[in-house]
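A.B. asks: Handing over start-v2.pdb, PDB, C-alpha atoms.
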```
ATOM      1  CA  ASN V   1       8.264  13.223  66.920
ATOM      2  CA  MET V   2       4.702  13.889  65.778
ATOM      3  CA  LEU V   3       2.245  16.783  65.752
ATOM      4  CA  GLN V   4      -0.974  16.119  67.639
ATOM      5  CA  THR V   5      -4.114  17.432  65.952
ATOM      6  CA  ASP V   6      -7.873  17.271  66.410
ATOM      7  CA  ALA V   7      -8.478  17.478  62.649
ATOM      8  CA  ALA V   8     -10.476  14.486  61.436
ATOM      9  CA  ILE V   9      -8.240  11.630  60.311
ATOM     10  CA  ASN V  10     -10.094   8.677  58.829
ATOM     11  CA  PRO V  11      -9.206   5.693  56.648
ATOM     12  CA  GLY V  12      -8.427   7.147  53.240
ATOM     13  CA  ASN V  13      -7.193  10.608  54.195
ATOM     14  CA  SER V  14      -4.037   9.667  56.063
ATOM     15  CA  GLY V  15      -1.073  10.756  54.000
ATOM     16  CA  GLY V  16      -2.781  14.011  53.097
ATOM     17  CA  PRO V  17      -1.693  17.507  54.130
ATOM     18  CA  LEU V  18      -2.408  19.093  57.499
ATOM     19  CA  PHE V  19      -3.047  22.844  57.067
ATOM     20  CA  ASN V  20      -2.854  25.684  59.563
ATOM     21  CA  MET V  21      -5.311  28.591  59.551
ATOM     22  CA  LYS V  22      -3.192  30.413  56.945
ATOM     23  CA  GLY V  23      -3.522  27.558  54.468
ATOM     24  CA  GLU V  24       0.090  26.498  54.950
ATOM     25  CA  VAL V  25       0.973  22.802  55.002
ATOM     26  CA  VAL V  26       2.431  22.056  58.430
ATOM     27  CA  GLY V  27       2.338  18.272  58.408
ATOM     28  CA  ILE V  28       1.342  14.993  56.752
ATOM     29  CA  THR V  29      -1.576  13.261  58.487
ATOM     30  CA  THR V  30      -0.553   9.808  59.583
ATOM     31  CA  ALA V  31      -2.607   8.141  62.307
ATOM     32  CA  LYS V  32      -5.374   8.552  64.832
ATOM     33  CA  TYR V  33      -5.891   7.207  68.319
ATOM     34  CA  SER V  34      -9.211   5.890  69.521
ATOM     35  CA  GLY V  35     -10.297   3.690  72.383
ATOM     36  CA  THR V  36     -11.852   3.767  75.828
ATOM     37  CA  THR V  37     -10.583   4.806  79.232
ATOM     38  CA  SER V  38     -10.760   2.647  82.353
ATOM     39  CA  SER V  39     -13.986   4.455  83.219
ATOM     40  CA  GLY V  40     -15.530   3.507  79.891
ATOM     41  CA  ALA V  41     -15.351   6.970  78.300
ATOM     42  CA  SER V  42     -14.528   6.865  74.601
ATOM     43  CA  ILE V  43     -11.439   8.532  73.170
ATOM     44  CA  GLU V  44     -11.815  10.113  69.740
ATOM     45  CA  GLY V  45     -10.379  13.015  67.773
ATOM     46  CA  ILE V  46      -6.730  12.526  68.678
ATOM     47  CA  GLY V  47      -4.742  12.519  65.461
ATOM     48  CA  PHE V  48      -1.064  12.662  64.589
ATOM     49  CA  ALA V  49       0.872  14.120  61.691
ATOM     50  CA  ILE V  50       4.500  14.083  60.584
ATOM     51  CA  PRO V  51       5.927  17.630  60.910
ATOM     52  CA  ILE V  52       6.491  19.167  57.490
ATOM     53  CA  ASP V  53      10.113  19.993  58.377
ATOM     54  CA  ASP V  54      10.763  16.244  58.630
ATOM     55  CA  VAL V  55       9.563  15.557  55.078
ATOM     56  CA  THR V  56      10.508  18.677  53.087
ATOM     57  CA  GLY V  57      13.911  17.241  52.208
ATOM     58  CA  MET V  58      12.294  13.965  51.126
ATOM     59  CA  ILE V  59       9.855  15.808  48.870
ATOM     60  CA  GLU V  60      12.709  17.704  47.211
ATOM     61  CA  ASP V  61      14.633  14.445  46.694
ATOM     62  CA  ILE V  62      11.632  12.788  45.027
ATOM     63  CA  ILE V  63      11.145  15.772  42.698
ATOM     64  CA  GLU V  64      14.826  16.053  41.775
ATOM     65  CA  LYS V  65      16.006  12.427  41.890
ATOM     66  CA  GLY V  66      12.903  10.259  41.884
ATOM     67  CA  TYR V  67      13.753   8.687  45.241
ATOM     68  CA  VAL V  68      14.484   9.701  48.843
ATOM     69  CA  SER V  69      18.191  10.323  49.327
ATOM     70  CA  GLY V  70      19.974  11.449  52.502
ATOM     71  CA  ALA V  71      22.861  10.186  54.593
ATOM     72  CA  TYR V  72      23.397   6.431  54.417
ATOM     73  CA  LEU V  73      25.432   4.216  56.724
ATOM     74  CA  GLY V  74      25.169   0.824  55.028
ATOM     75  CA  VAL V  75      24.171  -1.460  57.901
ATOM     76  CA  VAL V  76      21.283  -3.774  58.693
ATOM     77  CA  VAL V  77      20.359  -3.380  62.359
ATOM     78  CA  ARG V  78      17.972  -4.638  64.996
ATOM     79  CA  ASN V  79      17.021  -3.435  68.472
ATOM     80  CA  VAL V  80      18.977  -4.854  71.370
ATOM     81  CA  ASP V  81      16.696  -7.042  73.467
ATOM     82  CA  PRO V  82      16.303  -5.245  76.836
ATOM     83  CA  SER V  83      16.643  -8.582  78.635
ATOM     84  CA  VAL V  84      20.313  -8.857  77.662
ATOM     85  CA  THR V  85      21.259  -5.623  79.395
ATOM     86  CA  ALA V  86      21.737  -7.836  82.451
ATOM     87  CA  TYR V  87      24.863  -9.153  80.685
ATOM     88  CA  GLY V  88      26.238  -5.626  80.440
ATOM     89  CA  VAL V  89      25.092  -5.076  76.856
ATOM     90  CA  PRO V  90      23.841  -1.498  76.325
ATOM     91  CA  LEU V  91      20.641  -0.603  74.542
ATOM     92  CA  GLY V  92      21.276   0.462  70.972
ATOM     93  CA  ALA V  93      21.120  -0.620  67.343
ATOM     94  CA  SER V  94      22.767  -4.019  67.003
ATOM     95  CA  VAL V  95      24.475  -4.501  63.625
ATOM     96  CA  ASP V  96      23.387  -7.673  61.817
ATOM     97  CA  SER V  97      25.393  -7.052  58.660
ATOM     98  CA  VAL V  98      27.531  -4.405  56.954
ATOM     99  CA  THR V  99      27.219  -3.647  53.245
ATOM    100  CA  ASP V 100      30.411  -4.274  51.281
ATOM    101  CA  GLY V 101      32.086  -1.041  50.242
ATOM    102  CA  SER V 102      29.845   1.113  52.449
ATOM    103  CA  CYS V 103      31.063   3.950  54.650
ATOM    104  CA  ALA V 104      30.275   1.775  57.669
ATOM    105  CA  GLN V 105      32.676  -0.898  56.454
ATOM    106  CA  LYS V 106      35.351   1.701  55.658
ATOM    107  CA  ALA V 107      34.969   3.160  59.167
ATOM    108  CA  GLY V 108      35.448  -0.247  60.765
ATOM    109  CA  ILE V 109      31.901  -1.020  61.905
ATOM    110  CA  ARG V 110      31.445  -4.787  62.234
ATOM    111  CA  PRO V 111      28.546  -7.214  62.581
ATOM    112  CA  LYS V 112      27.603  -7.651  66.266
ATOM    113  CA  ASP V 113      28.645  -4.074  67.084
ATOM    114  CA  VAL V 114      26.012  -2.109  68.987
ATOM    115  CA  ILE V 115      25.686   1.494  67.818
ATOM    116  CA  VAL V 116      25.075   3.636  70.909
ATOM    117  CA  LYS V 117      25.759   7.159  69.626
ATOM    118  CA  VAL V 118      25.929   9.109  66.355
ATOM    119  CA  GLY V 119      27.571  12.500  66.743
ATOM    120  CA  ASP V 120      25.814  14.182  69.670
ATOM    121  CA  TYR V 121      22.756  11.938  69.403
ATOM    122  CA  PRO V 122      22.425   8.960  71.778
ATOM    123  CA  VAL V 123      21.068   5.771  70.215
ATOM    124  CA  GLU V 124      19.037   3.270  72.213
ATOM    125  CA  SER V 125      17.005   1.808  69.337
ATOM    126  CA  ILE V 126      16.840   1.641  65.550
ATOM    127  CA  THR V 127      14.312   4.496  65.726
ATOM    128  CA  ASP V 128      16.901   6.659  67.489
ATOM    129  CA  LEU V 129      19.462   5.720  64.826
ATOM    130  CA  SER V 130      17.078   6.688  62.033
ATOM    131  CA  ARG V 131      16.327  10.030  63.688
ATOM    132  CA  ALA V 132      20.011  10.734  64.252
ATOM    133  CA  MET V 133      20.782  10.046  60.586
ATOM    134  CA  ARG V 134      18.274  12.709  59.522
ATOM    135  CA  ASN V 135      20.622  15.352  60.882
ATOM    136  CA  TYR V 136      23.287  14.549  58.293
ATOM    137  CA  GLU V 137      23.734  14.854  54.554
ATOM    138  CA  PRO V 138      25.798  12.678  52.213
ATOM    139  CA  GLY V 139      29.457  13.633  52.609
ATOM    140  CA  ASP V 140      29.055  14.772  56.221
ATOM    141  CA  THR V 141      31.478  13.306  58.741
ATOM    142  CA  ALA V 142      30.500  12.229  62.249
ATOM    143  CA  GLN V 143      31.832  10.174  65.113
ATOM    144  CA  ILE V 144      29.924   6.982  65.820
ATOM    145  CA  VAL V 145      30.313   5.193  69.136
ATOM    146  CA  VAL V 146      29.888   1.417  69.052
ATOM    147  CA  TRP V 147      29.954  -1.141  71.856
ATOM    148  CA  ARG V 148      32.131  -4.129  71.011
ATOM    149  CA  SER V 149      33.558  -6.902  73.165
ATOM    150  CA  GLY V 150      32.620  -5.098  76.355
ATOM    151  CA  GLN V 151      34.179  -1.767  75.368
ATOM    152  CA  GLU V 152      33.111   1.398  73.572
ATOM    153  CA  HIS V 153      34.957   2.380  70.398
ATOM    154  CA  THR V 154      34.709   5.752  68.640
ATOM    155  CA  LEU V 155      34.828   5.559  64.850
ATOM    156  CA  GLN V 156      34.804   8.342  62.286
ATOM    157  CA  VAL V 157      32.339   7.921  59.421
ATOM    158  CA  THR V 158      31.827   9.960  56.261
ATOM    159  CA  PHE V 159      28.281   9.181  55.192
ATOM    160  CA  ASP V 160      27.387   7.823  51.771
ATOM    161  CA  GLU V 161      24.330   8.892  49.809
ATOM    162  CA  ARG V 162      21.307   6.743  50.392
ATOM    163  CA  PRO V 163      20.649   4.666  47.242
ATOM    164  CA  PRO V 164      17.178   4.046  45.768
ATOM    165  CA  GLU V 165      15.027   1.567  47.725
ATOM    166  CA  SER V 166      15.564  -1.085  45.053
ATOM    167  CA  GLU V 167      19.299  -1.062  45.783
ATOM    168  CA  LEU V 168      19.097  -1.200  49.573
ATOM    169  CA  PRO V 169      20.255  -4.391  51.307
ATOM    170  CA  THR V 170      17.622  -6.721  52.687
ATOM    171  CA  ILE V 171      17.797  -9.355  55.393
ATOM    172  CA  ILE V 172      15.896 -12.626  55.421
ATOM    173  CA  PRO V 173      14.801 -13.648  58.938
ATOM    174  CA  GLY V 174      16.915 -16.519  60.173
ATOM    175  CA  SER V 175      19.535 -16.165  57.435
ATOM    176  CA  SER V 176      21.943 -14.014  59.431
ATOM    177  CA  GLY V 177      24.756 -15.710  61.261
ATOM    178  CA  SER V 178      24.221 -13.337  64.180
ATOM    179  CA  THR V 179      20.741 -14.328  65.279
ATOM    180  CA  LEU V 180      20.037 -14.184  68.973
ATOM    181  CA  PRO V 181      20.571 -17.481  70.824
ATOM    182  CA  GLU V 182      17.362 -19.318  71.615
ATOM    183  CA  ASP V 183      18.134 -21.051  74.892
ATOM    184  CA  GLY V 184      20.121 -18.272  76.534
ATOM    185  CA  SER V 185      23.057 -20.471  77.550
ATOM    186  CA  PHE V 186      26.127 -18.585  78.727
ATOM    187  CA  ASP V 187      28.339 -19.902  75.912
ATOM    188  CA  GLU V 188      25.899 -18.947  73.170
ATOM    189  CA  TRP V 189      25.382 -15.438  74.572
ATOM    190  CA  TRP V 190      29.138 -14.992  74.909
ATOM    191  CA  ASN V 191      29.726 -16.058  71.308
ATOM    192  CA  TYR V 192      26.938 -13.812  70.053
ATOM    193  CA  PHE V 193      28.143 -10.633  71.742
ATOM    194  CA  PHE V 194      31.889 -11.192  71.979
ATOM    195  CA  GLY V 195      32.726 -13.662  69.204
ATOM    196  CA  ASP V 196      35.947 -15.637  69.083
ATOM    197  CA  SER V 197      39.365 -14.298  69.994
ATOM    198  CA  GLU V 198      40.138 -13.279  66.392
ATOM    199  CA  GLU V 199      37.354 -10.714  66.426
ATOM    200  CA  LYS V 200      38.513  -8.946  69.572
ATOM    201  CA  ASP V 201      40.700  -5.857  69.556
TER     202      ASP V 201
END
```
What's the C-alpha cells form of this structure?
C.D. replies:
Amino acid sequence: NMLQTDAAINPGNSGGPLFNMKGEVVGITTAKYSGTTSSGASIEGIGFAIPIDDVTGMIEDIIEKGYVSGAYLGVVVRNVDPSVTAYGVPLGASVDSVTDGSCAQKAGIRPKDVIVKVGDYPVESITDLSRAMRNYEPGDTAQIVVWRSGQEHTLQVTFDERPPESELPTIIPGSSGSTLPEDGSFDEWWNYFFGDSEEKD
C-alpha cells in the first residue's frame, strides 16, 4: 500500500515529506528500489512513500497524546508457515499469546488460534491483520473469524485503545509454549494446532 514516485530518495532523506506540485504533503518517503535487469540494464529512480492518509491519524495521536494510539487487539502473532497448509491449516495470523485483560481475551481468542478475518477484511498474514486494524478506532466492535481445532469460529470483539510502545507485550524467541515443531512429526503438529482434548470446543 505504497505510492510510487520518481523523486530522489537517498540515504538520509527517507522519512521526509513527499510533495505534489501544489506544495501539499501527499506521503512520507520510505524506500527506493535499485538493481539490474536480466539484460544488465540498471534500475534507478523508483521510490516509494507511505500515503499521507495512512499516517495522518498517527501524527494527530503523537501531537495530542505523545504516542500512536488506535485500535488494539492484545495478541502476539506470527505468520502461518505456508508449508502447513497441507494439513488443512489456513493462512492467517497465528496467535502466540493473548494479553491478560485484553479485548482479545474477553472475546475468547486463544493461543494457537489462527485469525483469518477481521470484519470484512480477509487476513492471510500479520501484515493483513495490521492493515485491517487500521480501519477501526478504540471502542469499535467487529467480528473476528478464527480457525481453531479444524473449524472456524466467529467472535465479537470491542477493540481496546493501543497503549504506548513501552507498555506493549513482547515475545522472546523460543520462550513461547506454542513454537512450531522442528521435526514435523504428526503428533507434534497435531498437538501444536489442535492441542489436547480440554482445549477443544
A.B. asks: Which of these residues is nearest to Pro17 of chain V, using only C-alpha atoms: V:Val77, V:Val55, V:Ala132, V:Val123?
C.D. replies: V:Val55
A.B. asks: Might you pull out every residue within 9 Å of segment 143-159 of chain V, with all atoms listed in the file counted and same-chain residues fewer than 2 positions away left off, and present them as a PDB file with C-alpha atoms, in the coordinates of the input?
C.D. replies:
```pdb
ATOM      1  CA  ALA V  71      22.861  10.186  54.593  1.00  0.00           C
ATOM      2  CA  TYR V  72      23.397   6.431  54.417  1.00  0.00           C
ATOM      3  CA  LEU V  73      25.432   4.216  56.724  1.00  0.00           C
ATOM      4  CA  GLY V  74      25.169   0.824  55.028  1.00  0.00           C
ATOM      5  CA  GLY V  88      26.238  -5.626  80.440  1.00  0.00           C
ATOM      6  CA  VAL V  89      25.092  -5.076  76.856  1.00  0.00           C
ATOM      7  CA  PRO V  90      23.841  -1.498  76.325  1.00  0.00           C
ATOM      8  CA  GLY V  92      21.276   0.462  70.972  1.00  0.00           C
ATOM      9  CA  SER V 102      29.845   1.113  52.449  1.00  0.00           C
ATOM     10  CA  CYS V 103      31.063   3.950  54.650  1.00  0.00           C
ATOM     11  CA  ALA V 104      30.275   1.775  57.669  1.00  0.00           C
ATOM     12  CA  LYS V 106      35.351   1.701  55.658  1.00  0.00           C
ATOM     13  CA  ALA V 107      34.969   3.160  59.167  1.00  0.00           C
ATOM     14  CA  GLY V 108      35.448  -0.247  60.765  1.00  0.00           C
ATOM     15  CA  ILE V 109      31.901  -1.020  61.905  1.00  0.00           C
ATOM     16  CA  ARG V 110      31.445  -4.787  62.234  1.00  0.00           C
ATOM     17  CA  LYS V 112      27.603  -7.651  66.266  1.00  0.00           C
ATOM     18  CA  ASP V 113      28.645  -4.074  67.084  1.00  0.00           C
ATOM     19  CA  VAL V 114      26.012  -2.109  68.987  1.00  0.00           C
ATOM     20  CA  ILE V 115      25.686   1.494  67.818  1.00  0.00           C
ATOM     21  CA  VAL V 116      25.075   3.636  70.909  1.00  0.00           C
ATOM     22  CA  LYS V 117      25.759   7.159  69.626  1.00  0.00           C
ATOM     23  CA  VAL V 118      25.929   9.109  66.355  1.00  0.00           C
ATOM     24  CA  GLY V 119      27.571  12.500  66.743  1.00  0.00           C
ATOM     25  CA  ASP V 120      25.814  14.182  69.670  1.00  0.00           C
ATOM     26  CA  TYR V 136      23.287  14.549  58.293  1.00  0.00           C
ATOM     27  CA  GLU V 137      23.734  14.854  54.554  1.00  0.00           C
ATOM     28  CA  PRO V 138      25.798  12.678  52.213  1.00  0.00           C
ATOM     29  CA  GLY V 139      29.457  13.633  52.609  1.00  0.00           C
ATOM     30  CA  ASP V 140      29.055  14.772  56.221  1.00  0.00           C
ATOM     31  CA  THR V 141      31.478  13.306  58.741  1.00  0.00           C
ATOM     32  CA  GLU V 161      24.330   8.892  49.809  1.00  0.00           C
ATOM     33  CA  ARG V 162      21.307   6.743  50.392  1.00  0.00           C
ATOM     34  CA  PHE V 193      28.143 -10.633  71.742  1.00  0.00           C
ATOM     35  CA  PHE V 194      31.889 -11.192  71.979  1.00  0.00           C
ATOM     36  CA  GLY V 195      32.726 -13.662  69.204  1.00  0.00           C
ATOM     37  CA  GLU V 199      37.354 -10.714  66.426  1.00  0.00           C
ATOM     38  CA  LYS V 200      38.513  -8.946  69.572  1.00  0.00           C
ATOM     39  CA  ASP V 201      40.700  -5.857  69.556  1.00  0.00           C
TER      40      ASP V 201
END
```
A.B. asks: Between atom CA of Glu44 of chain V and atom CA of Lys32 of chain V, what is the distance, to one decimal in Å?
C.D. replies: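 Rounded to one decimal, the two atoms are 8.2 Å apart.
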A.B. asks: For this structure, which residues satisfy the selection - the PyMOL selection byres ((chain V and resi 69) around 7) - when it is evaluated on the file as given? I want them as a tab-separated table (two decimals) with C-alpha atoms, in the coordinates of the input.
C.D. replies:
```
chain	number	residue	atom	x	y	z
V	61	ASP	CA	14.63	14.44	46.69
V	67	TYR	CA	13.75	8.69	45.24
V	68	VAL	CA	14.48	9.70	48.84
V	70	GLY	CA	19.97	11.45	52.50
V	161	GLU	CA	24.33	8.89	49.81
V	162	ARG	CA	21.31	6.74	50.39
V	163	PRO	CA	20.65	4.67	47.24
```
A.B. asks: Assuming the chain letters and numbering stay as they are in my file, what does the PyMOL selection byres ((chain V and resi 8) around 10) actually select? List them as a PyMOL selection string.
C.D. replies: chain V and resi 5-7+9-10+13-14+29+32+44-47
A.B. asks: On this structure, the PyMOL selection byres ((chain V and resi 50) around 6) would catch which residues? List them as an MDAnalysis selection string, sorted by chain and number.
C.D. replies: chainID V and resid 2 27:28 49 51
A.B. asks: If we count only C-alpha atoms and set the cut-off at 10 Å, which residues sit around Thr127 of chain V, ignoring sequence neighbours fewer than 3 positions away in its own chain? Please answer as a list in words.
C.D. replies: Arg78, Asn79, Gly92, Ala93, Val123, Glu124, Ser130, Arg131, Ala132 and Met133 of chain V
A.B. asks: Those residues with C-alpha atoms, as an mmCIF file, keeping the file's coordinate frame please?
C.D. replies:
```
data_model
loop_
_atom_site.group_PDB
_atom_site.id
_atom_site.type_symbol
_atom_site.label_atom_id
_atom_site.label_comp_id
_atom_site.auth_asym_id
_atom_site.auth_seq_id
_atom_site.Cartn_x
_atom_site.Cartn_y
_atom_site.Cartn_z
ATOM 1 C CA ARG V 78 17.972 -4.638 64.996
ATOM 2 C CA ASN V 79 17.021 -3.435 68.472
ATOM 3 C CA GLY V 92 21.276 0.462 70.972
ATOM 4 C CA ALA V 93 21.120 -0.620 67.343
ATOM 5 C CA VAL V 123 21.068 5.771 70.215
ATOM 6 C CA GLU V 124 19.037 3.270 72.213
ATOM 7 C CA SER V 130 17.078 6.688 62.033
ATOM 8 C CA ARG V 131 16.327 10.030 63.688
ATOM 9 C CA ALA V 132 20.011 10.734 64.252
ATOM 10 C CA MET V 133 20.782 10.046 60.586
#
```
A.B. asks: Could you state the separation of atom CA of Arg134 of chain V and atom CA of Met58 of chain V in Å, given to one decimal place?
C.D. replies: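 Separating atom CA of Arg134 of chain V from atom CA of Met58 of chain V is a distance of 10.4 Å.
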A.B. asks: So the first atom is atom CA of Ala41 of chain V and the second is atom CA of Gly12 of chain V; what is the distance between them in Å, to one decimal place?
C.D. replies: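 Atom CA of Gly12 of chain V lies at a distance of 26.0 Å from atom CA of Ala41 of chain V.
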A.B. asks: Between V:Gly16, V:Leu3, V:Ser125, V:Gly101, single out the one closest to Pro82 of chain V, counting all atoms listed in the file.
C.D. replies: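 The closest residue to Pro82 of chain V is V:Ser125.
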A.B. asks: Could N, CA and C atoms be built for segment 38-57 of chain V and written out as a PDB file, keeping the file's coordinate frame?
C.D. replies:
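Result went into out.pdb, see below:
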```pdb
ATOM      1  N   SER V  38     -10.378   3.641  81.345  1.00  0.00           N
ATOM      2  CA  SER V  38     -10.760   2.647  82.353  1.00  0.00           C
ATOM      3  C   SER V  38     -12.163   2.888  82.881  1.00  0.00           C
ATOM      4  N   SER V  39     -12.629   4.146  82.758  1.00  0.00           N
ATOM      5  CA  SER V  39     -13.986   4.455  83.219  1.00  0.00           C
ATOM      6  C   SER V  39     -15.043   4.184  82.156  1.00  0.00           C
ATOM      7  N   GLY V  40     -14.593   3.816  80.953  1.00  0.00           N
ATOM      8  CA  GLY V  40     -15.530   3.507  79.891  1.00  0.00           C
ATOM      9  C   GLY V  40     -15.764   4.650  78.922  1.00  0.00           C
ATOM     10  N   ALA V  41     -15.178   5.821  79.202  1.00  0.00           N
ATOM     11  CA  ALA V  41     -15.351   6.970  78.300  1.00  0.00           C
ATOM     12  C   ALA V  41     -14.583   6.715  77.009  1.00  0.00           C
ATOM     13  N   SER V  42     -15.178   7.086  75.886  1.00  0.00           N
ATOM     14  CA  SER V  42     -14.528   6.865  74.601  1.00  0.00           C
ATOM     15  C   SER V  42     -13.508   7.964  74.313  1.00  0.00           C
ATOM     16  N   ILE V  43     -12.482   7.593  73.571  1.00  0.00           N
ATOM     17  CA  ILE V  43     -11.439   8.532  73.170  1.00  0.00           C
ATOM     18  C   ILE V  43     -11.491   8.669  71.657  1.00  0.00           C
ATOM     19  N   GLU V  44     -11.764   9.857  71.176  1.00  0.00           N
ATOM     20  CA  GLU V  44     -11.815  10.113  69.740  1.00  0.00           C
ATOM     21  C   GLU V  44     -11.180  11.469  69.450  1.00  0.00           C
ATOM     22  N   GLY V  45     -10.852  11.696  68.192  1.00  0.00           N
ATOM     23  CA  GLY V  45     -10.379  13.015  67.773  1.00  0.00           C
ATOM     24  C   GLY V  45      -8.950  13.329  68.104  1.00  0.00           C
ATOM     25  N   ILE V  46      -8.153  12.298  68.429  1.00  0.00           N
ATOM     26  CA  ILE V  46      -6.730  12.526  68.678  1.00  0.00           C
ATOM     27  C   ILE V  46      -5.962  11.998  67.479  1.00  0.00           C
ATOM     28  N   GLY V  47      -5.455  12.907  66.664  1.00  0.00           N
ATOM     29  CA  GLY V  47      -4.742  12.519  65.461  1.00  0.00           C
ATOM     30  C   GLY V  47      -3.292  12.938  65.511  1.00  0.00           C
ATOM     31  N   PHE V  48      -2.495  12.370  64.623  1.00  0.00           N
ATOM     32  CA  PHE V  48      -1.064  12.662  64.589  1.00  0.00           C
ATOM     33  C   PHE V  48      -0.607  12.888  63.156  1.00  0.00           C
ATOM     34  N   ALA V  49       0.336  13.794  63.003  1.00  0.00           N
ATOM     35  CA  ALA V  49       0.872  14.120  61.691  1.00  0.00           C
ATOM     36  C   ALA V  49       2.392  14.257  61.767  1.00  0.00           C
ATOM     37  N   ILE V  50       3.054  13.899  60.678  1.00  0.00           N
ATOM     38  CA  ILE V  50       4.500  14.083  60.584  1.00  0.00           C
ATOM     39  C   ILE V  50       4.765  15.563  60.340  1.00  0.00           C
ATOM     40  N   PRO V  51       5.620  16.213  61.138  1.00  0.00           N
ATOM     41  CA  PRO V  51       5.927  17.630  60.910  1.00  0.00           C
ATOM     42  C   PRO V  51       6.494  17.848  59.504  1.00  0.00           C
ATOM     43  N   ILE V  52       6.073  18.920  58.869  1.00  0.00           N
ATOM     44  CA  ILE V  52       6.491  19.167  57.490  1.00  0.00           C
ATOM     45  C   ILE V  52       8.002  19.323  57.376  1.00  0.00           C
ATOM     46  N   ASP V  53       8.657  19.839  58.428  1.00  0.00           N
ATOM     47  CA  ASP V  53      10.113  19.993  58.377  1.00  0.00           C
ATOM     48  C   ASP V  53      10.824  18.649  58.251  1.00  0.00           C
ATOM     49  N   ASP V  54      10.155  17.566  58.699  1.00  0.00           N
ATOM     50  CA  ASP V  54      10.763  16.244  58.630  1.00  0.00           C
ATOM     51  C   ASP V  54      10.655  15.626  57.240  1.00  0.00           C
ATOM     52  N   VAL V  55       9.787  16.173  56.388  1.00  0.00           N
ATOM     53  CA  VAL V  55       9.563  15.557  55.078  1.00  0.00           C
ATOM     54  C   VAL V  55       9.922  16.464  53.905  1.00  0.00           C
ATOM     55  N   THR V  56      10.193  17.752  54.178  1.00  0.00           N
ATOM     56  CA  THR V  56      10.508  18.677  53.087  1.00  0.00           C
ATOM     57  C   THR V  56      11.687  18.182  52.260  1.00  0.00           C
ATOM     58  N   GLY V  57      12.744  17.745  52.929  1.00  0.00           N
ATOM     59  CA  GLY V  57      13.911  17.241  52.208  1.00  0.00           C
ATOM     60  C   GLY V  57      13.576  16.018  51.368  1.00  0.00           C
TER      61      GLY V  57
END
```
